[in-house]
>>> print(open('structure.json').read())   # JSON, C-alpha atoms
[["chain", "number", "residue", "atom", "x", "y", "z"],
["A", 3, "MET", "CA", -69.52, -39.25, -9.88],
["A", 4, "TYR", "CA", -67.22, -37.59, -12.38],
["A", 5, "LYS", "CA", -69.54, -34.57, -12.60],
["A", 6, "LYS", "CA", -69.58, -34.20, -8.78],
["A", 7, "ILE", "CA", -65.78, -34.24, -8.65],
["A", 8, "LEU", "CA", -65.60, -31.68, -11.45],
["A", 9, "ILE", "CA", -68.09, -29.40, -9.70],
["A", 10, "LEU", "CA", -66.23, -29.72, -6.40],
["A", 11, "TRP", "CA", -62.92, -28.89, -8.08],
["A", 12, "PHE", "CA", -64.49, -25.87, -9.78],
["A", 13, "ILE", "CA", -65.87, -24.56, -6.45],
["A", 14, "LEU", "CA", -62.49, -25.00, -4.76],
["A", 15, "PHE", "CA", -60.78, -23.21, -7.65],
["A", 16, "LEU", "CA", -63.18, -20.28, -7.42],
["A", 17, "GLY", "CA", -62.73, -20.13, -3.65],
["A", 18, "PHE", "CA", -58.96, -20.06, -3.98],
["A", 19, "GLY", "CA", -59.14, -17.34, -6.61],
["A", 20, "PHE", "CA", -61.51, -15.29, -4.48],
["A", 21, "SER", "CA", -59.29, -15.59, -1.39],
["A", 22, "GLN", "CA", -56.26, -14.57, -3.42],
["A", 23, "ALA", "CA", -58.07, -11.55, -4.84],
["A", 24, "THR", "CA", -59.40, -10.59, -1.42],
["A", 25, "SER", "CA", -55.98, -10.78, 0.20],
["A", 26, "GLY", "CA", -54.48, -8.77, -2.64],
["A", 27, "LYS", "CA", -57.16, -6.11, -2.33],
["A", 28, "ALA", "CA", -56.53, -5.85, 1.40],
["A", 29, "GLU", "CA", -52.97, -4.64, 0.84],
["A", 30, "ILE", "CA", -52.08, -1.15, 2.07],
["A", 31, "LEU", "CA", -49.14, 0.66, 0.50],
["A", 32, "ILE", "CA", -47.43, 3.66, 2.10],
["A", 33, "SER", "CA", -44.81, 5.40, -0.05],
["A", 34, "SER", "CA", -42.56, 8.31, 0.83],
["A", 35, "VAL", "CA", -42.68, 10.88, -1.98],
["A", 36, "TYR", "CA", -41.17, 13.87, -0.13],
["A", 37, "ASP", "CA", -38.81, 13.90, 2.84],
["A", 38, "ASN", "CA", -35.43, 15.18, 3.95],
["A", 39, "TYR", "CA", -34.36, 11.55, 4.34],
["A", 40, "GLN", "CA", -33.81, 9.36, 1.26],
["A", 41, "THR", "CA", -33.76, 5.66, 0.53],
["A", 42, "ASP", "CA", -33.40, 6.14, -3.24],
["A", 43, "LYS", "CA", -30.55, 8.44, -4.30],
["A", 44, "ASP", "CA", -32.12, 8.94, -7.75],
["A", 45, "LEU", "CA", -34.91, 10.92, -6.12],
["A", 46, "LYS", "CA", -34.86, 14.43, -4.69],
["A", 47, "SER", "CA", -34.91, 15.17, -0.98],
["A", 48, "GLY", "CA", -36.12, 18.37, 0.64],
["A", 49, "TRP", "CA", -37.18, 19.63, 4.04],
["A", 50, "GLY", "CA", -40.77, 18.52, 4.47],
["A", 51, "PHE", "CA", -43.02, 15.52, 4.34],
["A", 52, "ALA", "CA", -45.43, 13.80, 1.96],
["A", 53, "SER", "CA", -46.50, 10.17, 1.79],
["A", 54, "LEU", "CA", -48.89, 8.41, -0.55],
["A", 55, "ILE", "CA", -51.29, 5.92, 1.02],
["A", 56, "LYS", "CA", -52.96, 3.40, -1.25],
["A", 57, "THR", "CA", -55.87, 1.39, 0.15],
["A", 58, "PRO", "CA", -58.31, -0.85, -1.75],
["A", 59, "GLN", "CA", -60.67, 2.13, -2.06],
["A", 60, "ASP", "CA", -58.59, 5.30, -2.17],
["A", 61, "MET", "CA", -55.31, 6.97, -3.07],
["A", 62, "ILE", "CA", -54.52, 9.49, -0.34],
["A", 63, "LEU", "CA", -51.68, 11.97, -0.29],
["A", 64, "PHE", "CA", -50.70, 12.79, 3.29],
["A", 65, "ASP", "CA", -49.19, 16.30, 3.16],
["A", 66, "THR", "CA", -47.65, 17.79, 0.02],
["A", 67, "GLY", "CA", -44.06, 18.64, 0.96],
["A", 68, "GLY", "CA", -42.54, 22.06, 0.62],
["A", 69, "ASP", "CA", -41.76, 22.19, -3.09],
["A", 70, "LEU", "CA", -44.04, 21.12, -5.93],
["A", 71, "GLU", "CA", -41.21, 20.52, -8.40],
["A", 72, "LYS", "CA", -39.51, 17.99, -6.13],
["A", 73, "LEU", "CA", -42.80, 16.34, -5.25],
["A", 74, "LEU", "CA", -43.75, 15.86, -8.90],
["A", 75, "PHE", "CA", -40.22, 14.74, -9.84],
["A", 76, "ASN", "CA", -40.31, 12.00, -7.21],
["A", 77, "MET", "CA", -43.84, 10.93, -8.10],
["A", 78, "GLN", "CA", -42.92, 10.66, -11.78],
["A", 79, "LYS", "CA", -39.84, 8.58, -10.99],
["A", 80, "MET", "CA", -41.98, 6.32, -8.79],
["A", 81, "GLU", "CA", -44.61, 6.04, -11.56],
["A", 82, "ILE", "CA", -47.32, 7.76, -9.53],
["A", 83, "ASN", "CA", -49.83, 9.72, -11.58],
["A", 84, "PRO", "CA", -51.18, 12.82, -9.78],
["A", 85, "ASP", "CA", -54.55, 12.11, -11.43],
["A", 86, "SER", "CA", -54.79, 8.89, -9.42],
["A", 87, "ILE", "CA", -54.96, 10.81, -6.13],
["A", 88, "ASN", "CA", -58.53, 11.41, -4.95],
["A", 89, "LYS", "CA", -57.91, 12.55, -1.37],
["A", 90, "VAL", "CA", -55.37, 14.89, 0.23],
["A", 91, "PHE", "CA", -54.86, 15.01, 4.00],
["A", 92, "ILE", "CA", -52.99, 18.04, 5.38],
["A", 93, "SER", "CA", -51.60, 17.66, 8.89],
["A", 94, "HIS", "CA", -50.88, 21.30, 9.75],
["A", 95, "ILE", "CA", -50.30, 24.79, 8.39],
["A", 96, "HIS", "CA", -46.50, 24.82, 7.98],
["A", 97, "GLY", "CA", -45.19, 25.35, 4.45],
["A", 98, "ASP", "CA", -43.05, 22.21, 4.39],
["A", 99, "HIS", "CA", -46.29, 20.18, 4.58],
["A", 100, "LEU", "CA", -48.67, 22.46, 2.68],
["A", 101, "GLY", "CA", -46.33, 23.93, 0.05],
["A", 102, "GLY", "CA", -47.18, 21.63, -2.86],
["A", 103, "LEU", "CA", -50.97, 21.74, -2.50],
["A", 104, "GLU", "CA", -51.84, 24.71, -4.68],
["A", 105, "GLY", "CA", -49.76, 23.53, -7.63],
["A", 106, "LEU", "CA", -51.04, 19.98, -7.24],
["A", 107, "LEU", "CA", -54.63, 21.22, -7.47],
["A", 108, "ASP", "CA", -53.74, 22.95, -10.74],
["A", 109, "MET", "CA", -52.95, 19.49, -12.12],
["A", 110, "ASN", "CA", -55.83, 17.60, -10.51],
["A", 111, "ASN", "CA", -58.73, 19.37, -8.85],
["A", 112, "ASP", "CA", -60.88, 16.23, -8.64],
["A", 113, "MET", "CA", -59.81, 15.74, -5.03],
["A", 114, "THR", "CA", -61.19, 16.25, -1.56],
["A", 115, "VAL", "CA", -58.78, 18.01, 0.81],
["A", 116, "PHE", "CA", -59.04, 17.32, 4.55],
["A", 117, "ILE", "CA", -57.73, 20.35, 6.44],
["A", 118, "PRO", "CA", -57.69, 21.33, 10.12],
["A", 119, "GLN", "CA", -60.51, 23.70, 11.02],
["A", 120, "SER", "CA", -57.99, 26.20, 12.37],
["A", 121, "PHE", "CA", -56.62, 26.89, 8.87],
["A", 122, "PRO", "CA", -57.10, 30.49, 7.68],
["A", 123, "ASN", "CA", -59.93, 31.18, 5.24],
["A", 124, "SER", "CA", -57.34, 32.03, 2.58],
["A", 125, "VAL", "CA", -56.54, 28.30, 2.27],
["A", 126, "ASN", "CA", -60.24, 27.45, 1.98],
["A", 127, "ARG", "CA", -60.70, 30.05, -0.75],
["A", 128, "MET", "CA", -57.65, 28.81, -2.64],
["A", 129, "ILE", "CA", -58.97, 25.23, -2.68],
["A", 130, "LEU", "CA", -62.39, 26.35, -3.91],
["A", 131, "LYS", "CA", -60.84, 28.64, -6.53],
["A", 132, "LYS", "CA", -58.96, 25.65, -7.94],
["A", 133, "GLY", "CA", -62.27, 23.78, -8.26],
["A", 134, "ALA", "CA", -61.61, 21.22, -5.53],
["A", 135, "LYS", "CA", -63.56, 20.38, -2.39],
["A", 136, "PHE", "CA", -62.42, 20.56, 1.21],
["A", 137, "ILE", "CA", -63.59, 19.18, 4.54],
["A", 138, "ARG", "CA", -62.63, 21.01, 7.73],
["A", 139, "ILE", "CA", -61.62, 18.76, 10.59],
["A", 140, "LYS", "CA", -62.00, 19.66, 14.26],
["A", 141, "GLU", "CA", -62.89, 16.49, 16.15],
["A", 142, "PRO", "CA", -61.77, 12.87, 15.71],
["A", 143, "LYS", "CA", -63.82, 11.11, 13.06],
["A", 144, "GLN", "CA", -63.84, 8.35, 10.48],
["A", 145, "ILE", "CA", -63.13, 9.90, 7.10],
["A", 146, "LEU", "CA", -62.83, 6.81, 4.89],
["A", 147, "GLN", "CA", -63.59, 3.11, 5.20],
["A", 148, "ILE", "CA", -60.62, 2.15, 7.41],
["A", 149, "ILE", "CA", -59.14, 5.60, 7.97],
["A", 150, "TYR", "CA", -59.66, 8.07, 10.80],
["A", 151, "THR", "CA", -58.36, 11.48, 11.78],
["A", 152, "THR", "CA", -57.30, 12.25, 15.32],
["A", 153, "GLY", "CA", -58.92, 15.64, 14.90],
["A", 154, "GLU", "CA", -57.02, 18.77, 15.80],
["A", 155, "ILE", "CA", -54.61, 18.41, 18.69],
["A", 156, "TYR", "CA", -53.04, 21.58, 20.05],
["A", 157, "GLY", "CA", -49.30, 21.97, 19.42],
["A", 158, "PRO", "CA", -48.78, 24.78, 18.59],
["A", 159, "PRO", "CA", -49.69, 24.68, 15.79],
["A", 160, "GLN", "CA", -52.85, 22.61, 15.83],
["A", 161, "GLU", "CA", -52.25, 19.36, 13.98],
["A", 162, "GLN", "CA", -54.17, 16.29, 12.88],
["A", 163, "SER", "CA", -52.73, 12.82, 12.35],
["A", 164, "LEU", "CA", -54.04, 9.84, 10.42],
["A", 165, "ILE", "CA", -55.03, 6.43, 11.79],
["A", 166, "ILE", "CA", -55.41, 3.36, 9.59],
["A", 167, "GLU", "CA", -57.21, 0.40, 11.13],
["A", 168, "SER", "CA", -55.39, -2.52, 9.52],
["A", 169, "HIS", "CA", -55.69, -6.25, 10.17],
["A", 170, "LYS", "CA", -52.32, -6.13, 11.92],
["A", 171, "GLY", "CA", -53.21, -3.26, 14.21],
["A", 172, "LEU", "CA", -53.24, 0.54, 14.09],
["A", 173, "ILE", "CA", -51.02, 2.41, 11.66],
["A", 174, "ILE", "CA", -50.47, 5.98, 12.87],
["A", 175, "ILE", "CA", -49.02, 8.57, 10.48],
["A", 176, "THR", "CA", -47.85, 11.96, 11.70],
["A", 177, "GLY", "CA", -46.65, 15.03, 9.83],
["A", 178, "CYS", "CA", -44.55, 16.71, 12.52],
["A", 179, "ALA", "CA", -46.15, 15.57, 15.80],
["A", 180, "HIS", "CA", -45.99, 19.05, 17.32],
["A", 181, "PRO", "CA", -48.50, 18.04, 20.02],
["A", 182, "GLY", "CA", -46.16, 15.20, 21.07],
["A", 183, "ILE", "CA", -45.82, 11.83, 19.38],
["A", 184, "VAL", "CA", -46.73, 9.80, 22.48],
["A", 185, "LYS", "CA", -49.81, 11.97, 23.07],
["A", 186, "ILE", "CA", -50.88, 11.32, 19.47],
["A", 187, "ILE", "CA", -50.47, 7.55, 19.85],
["A", 188, "GLU", "CA", -52.41, 7.50, 23.12],
["A", 189, "LYS", "CA", -55.23, 9.54, 21.60],
["A", 190, "SER", "CA", -55.33, 7.26, 18.54],
["A", 191, "ILE", "CA", -55.67, 4.19, 20.77],
["A", 192, "LYS", "CA", -58.55, 5.87, 22.61],
["A", 193, "ILE", "CA", -60.33, 6.92, 19.41],
["A", 194, "ILE", "CA", -60.31, 3.44, 17.86],
["A", 195, "ASN", "CA", -60.55, 1.63, 21.22],
["A", 196, "ASN", "CA", -57.72, -0.65, 20.13],
["A", 197, "ASN", "CA", -54.37, -0.75, 21.93],
["A", 198, "LYS", "CA", -52.64, -2.87, 19.28],
["A", 199, "VAL", "CA", -50.33, -0.42, 17.47],
["A", 200, "TYR", "CA", -48.62, -2.04, 14.49],
["A", 201, "LEU", "CA", -46.71, 0.92, 13.02],
["A", 202, "VAL", "CA", -46.00, 4.57, 13.82],
["A", 203, "LEU", "CA", -44.60, 6.54, 10.88],
["A", 204, "GLY", "CA", -43.63, 10.12, 10.09],
["A", 205, "GLY", "CA", -42.09, 13.13, 11.78],
["A", 206, "PHE", "CA", -41.75, 12.85, 15.57],
["A", 207, "HIS", "CA", -40.55, 16.46, 16.19],
["A", 208, "HIS", "CA", -37.24, 15.95, 18.00],
["A", 209, "PRO", "CA", -38.50, 14.12, 21.12],
["A", 210, "SER", "CA", -36.20, 13.14, 23.98],
["A", 211, "LEU", "CA", -34.48, 9.76, 23.81],
["A", 212, "SER", "CA", -36.90, 8.46, 26.45],
["A", 213, "VAL", "CA", -39.51, 8.26, 23.68],
["A", 214, "VAL", "CA", -38.03, 4.89, 22.65],
["A", 215, "SER", "CA", -38.89, 3.26, 25.98],
["A", 216, "GLU", "CA", -42.30, 4.96, 25.93],
["A", 217, "PHE", "CA", -43.02, 3.34, 22.56],
["A", 218, "ARG", "CA", -42.02, -0.03, 24.05],
["A", 219, "ASP", "CA", -44.28, 0.54, 27.07],
["A", 220, "ILE", "CA", -47.22, 1.29, 24.77],
["A", 221, "GLY", "CA", -46.45, -1.81, 22.72],
["A", 222, "VAL", "CA", -45.67, -0.21, 19.35],
["A", 223, "GLN", "CA", -44.53, -3.07, 17.09],
["A", 224, "LYS", "CA", -42.76, -1.21, 14.26],
["A", 225, "VAL", "CA", -41.42, 2.32, 13.81],
["A", 226, "ALA", "CA", -40.57, 4.42, 10.77],
["A", 227, "PRO", "CA", -39.41, 7.83, 12.04],
["A", 228, "SER", "CA", -38.43, 10.44, 9.46],
["A", 229, "HIS", "CA", -38.52, 14.17, 8.63],
["A", 230, "CYS", "CA", -38.20, 16.17, 11.89],
["A", 231, "THR", "CA", -37.48, 13.26, 14.24],
["A", 232, "GLY", "CA", -33.74, 13.92, 14.45],
["A", 233, "ASP", "CA", -30.80, 11.61, 13.82],
["A", 234, "LYS", "CA", -30.12, 10.80, 17.49],
["A", 235, "VAL", "CA", -33.65, 9.60, 18.07],
["A", 236, "ARG", "CA", -33.75, 7.71, 14.77],
["A", 237, "ASN", "CA", -30.52, 5.94, 15.68],
["A", 238, "ALA", "CA", -31.89, 5.09, 19.13],
["A", 239, "PHE", "CA", -35.02, 3.59, 17.56],
["A", 240, "ALA", "CA", -32.88, 1.63, 15.08],
["A", 241, "LYS", "CA", -30.75, 0.21, 17.92],
["A", 242, "GLU", "CA", -33.76, -0.78, 20.04],
["A", 243, "TYR", "CA", -36.17, -1.99, 17.35],
["A", 244, "LYS", "CA", -33.61, -3.68, 15.07],
["A", 245, "LYS", "CA", -35.51, -5.52, 12.28],
["A", 246, "ASN", "CA", -38.72, -3.72, 13.30],
["A", 247, "PHE", "CA", -37.11, -0.34, 12.57],
["A", 248, "ILE", "CA", -37.99, 0.83, 9.05],
["A", 249, "GLU", "CA", -35.63, 3.28, 7.39],
["A", 250, "TYR", "CA", -38.19, 5.64, 5.92],
["A", 251, "GLY", "CA", -37.41, 8.32, 3.37],
["A", 252, "VAL", "CA", -38.02, 9.31, -0.24],
["A", 253, "GLY", "CA", -38.43, 6.21, -2.38],
["A", 254, "LYS", "CA", -39.41, 3.82, 0.41],
["A", 255, "THR", "CA", -42.65, 1.83, 0.08],
["A", 256, "ILE", "CA", -44.09, -0.14, 2.99],
["A", 257, "ARG", "CA", -46.53, -2.95, 2.18],
["A", 258, "ILE", "CA", -49.02, -4.12, 4.80],
["A", 259, "LYS", "CA", -51.09, -7.14, 3.77]]
>>> encode(input="structure.json", output="structure tokens")
Amino acid sequence: MYKKILILWFILFLGFGFSQATSGKAEILISSVYDNYQTDKDLKSGWGFASLIKTPQDMILFDTGGDLEKLLFNMQKMEINPDSINKVFISHIHGDHLGGLEGLLDMNNDMTVFIPQSFPNSVNRMILKKGAKFIRIKEPKQILQIIYTTGEIYGPPQEQSLIIESHKGLIIITGCAHPGIVKIIEKSIKIINNNKVYLVLGGFHHPSLSVVSEFRDIGVQKVAPSHCTGDKVRNAFAKEYKKNFIEYGVGKTIRIK
């Protein structure tokens, strides 16, 4: 009898430990490492965008900001080692999103760079010269275990956004949303065939104030507008979404379990 109780207790203990480990592994972290908005005054702001996405399998840098020195300064302060990044996702060709890539590859070329197919060959050659690999993106596709690209959407310029399929719903990350933030969300929903949008984050490219009600109509649960969204629109989102508005800028980390 005593042995049976001991065995049962041991199985329950292992099960609890496994569930804890599994839930911990399922955590997704999104950290702002470059933006013109700040949440930590000890870090450096600059016009541009870069966010680090940590999943159980990968460390992905979404865009690289406009200035390598500021990017590396912020990453060092946030205790992020460039060598830990194994994927880089570039949304579009503008320098405030692409500017830090070349210097970053000098520090760590053991990365795969996902770039829009419309990029000039000079960018492809630069990546290869640094010893890194690149994948050109044209159509929507799954690029990692729970991560998809929208594929190129015409702006101008042509731009790709990132979709994370989390347990809480879709997480959509945009660089500048030149094609239109609502258009990007609607395409993301269609790609994944899931209309539950948990979070939309990134630059929204100065949309009209009506975008707030459009987000509500779609059913977006949380918003984290930054970079090129504009103060008026950010303030309108903050007023409407209240506790579900996330003030996103350099130094901010969002945890999704």
>>> residues_around(input="structure.json", residues="A:Ile173", least_positions_apart="5", cutoff="6 Å", atoms="only C-alpha atoms", output="tab-separated table (two decimals) with C-alpha atoms, keeping the file's coordinate frame")
chain	number	residue	atom	x	y	z
A	165	ILE	CA	-55.03	6.43	11.79
A	166	ILE	CA	-55.41	3.36	9.59
A	200	TYR	CA	-48.62	-2.04	14.49
A	201	LEU	CA	-46.71	0.92	13.02
A	202	VAL	CA	-46.00	4.57	13.82
>>> closest_residue(input="structure.json", among="A:Ile117, A:Val90, A:Ala179, A:Val125", to="A:Gly153", atoms="only C-alpha atoms")
A:Ile117
>>> closest_residue(input="structure.json", among="A:Tyr150, A:Phe75, A:Tyr36, A:Phe206", to="A:Gln162", atoms="only C-alpha atoms")
A:Tyr150
>>> closest_atom_pairs(input="structure.json", of="stretch 165-245 of chain A", to="stretch 44-59 of chain A", cutoff="12 Å", atoms="all atoms listed in the file", output="tab-separated table")
residue	atom	partner	partner_atom	distance
A:Ile165	CA	A:Ile55	CA	11.4
A:Ile166	CA	A:Thr57	CA	9.7
A:Glu167	CA	A:Thr57	CA	11.1
A:Ser168	CA	A:Thr57	CA	10.2
A:Ile173	CA	A:Ile55	CA	11.2
A:Ile174	CA	A:Ile55	CA	11.9
A:Ile175	CA	A:Ser53	CA	9.2
A:Thr176	CA	A:Phe51	CA	9.5
A:Gly177	CA	A:Phe51	CA	6.6
A:Cys178	CA	A:Phe51	CA	8.4
A:Ala179	CA	A:Phe51	CA	11.9
A:Leu203	CA	A:Ser53	CA	10.0
A:Gly204	CA	A:Phe51	CA	7.9
A:Gly205	CA	A:Phe51	CA	7.9
A:Phe206	CA	A:Phe51	CA	11.6
A:His207	CA	A:Gly50	CA	11.9
A:Pro227	CA	A:Phe51	CA	11.5
A:Ser228	CA	A:Phe51	CA	8.5
A:His229	CA	A:Phe51	CA	6.4
A:Cys230	CA	A:Gly50	CA	8.2
A:Thr231	CA	A:Phe51	CA	11.6
>>> atom_distance(input="structure.json", atom1="atom CA of A:Asp60", atom2="atom CA of A:Phe116")
13.8 Å
>>> closest_residue(input="structure.json", among="A:Ile149, A:Ala226, A:Ile220, A:Ile139", to="A:Ile193", atoms="all atoms listed in the file")
A:Ile149
>>> closest_residue(input="structure.json", among="A:Val115, A:Lys244, A:Ser120, A:Val184", to="A:Asp219", atoms="all atoms listed in the file")
A:Val184
>>> atom_distance(input="structure.json", atom1="atom CA of A:Lys89", atom2="atom CA of A:Glu249")
25.7 Å
>>> residues_around(input="structure.json", residues="A:Phe217", least_positions_apart="3", cutoff="10 Å", atoms="all atoms listed in the file", output="PyMOL selection string")
chain A and resi 183-184+187+199+202+212-214+220-225+239
>>> residues_around(input="structure.json", residues="A:Asn88", least_positions_apart="5", cutoff="8 Å", atoms="only C-alpha atoms", output="NGL selection string")
:A and (60-62 or 112-114)
>>> closest_residue(input="structure.json", among="A:Ser190, A:Glu154, A:Asp37, A:Lys79", to="A:Asp98", atoms="only C-alpha atoms")
A:Asp37
>>> closest_residue(input="structure.json", among="A:Val252, A:Ile32, A:Leu146, A:Asn196", to="A:Lys72", atoms="all atoms listed in the file")
A:Val252
>>> atom_distance(input="structure.json", atom1="atom CA of A:Arg236", atom2="atom CA of A:Ser215")
13.1 Å
>>> residues_around(input="structure.json", residues="A:Asn237", least_positions_apart="5", cutoff="10 Å", atoms="all atoms listed in the file", output="list of chain:residue names")
A:Leu211, A:Pro227, A:Gly232, A:Glu242, A:Tyr243, A:Phe247
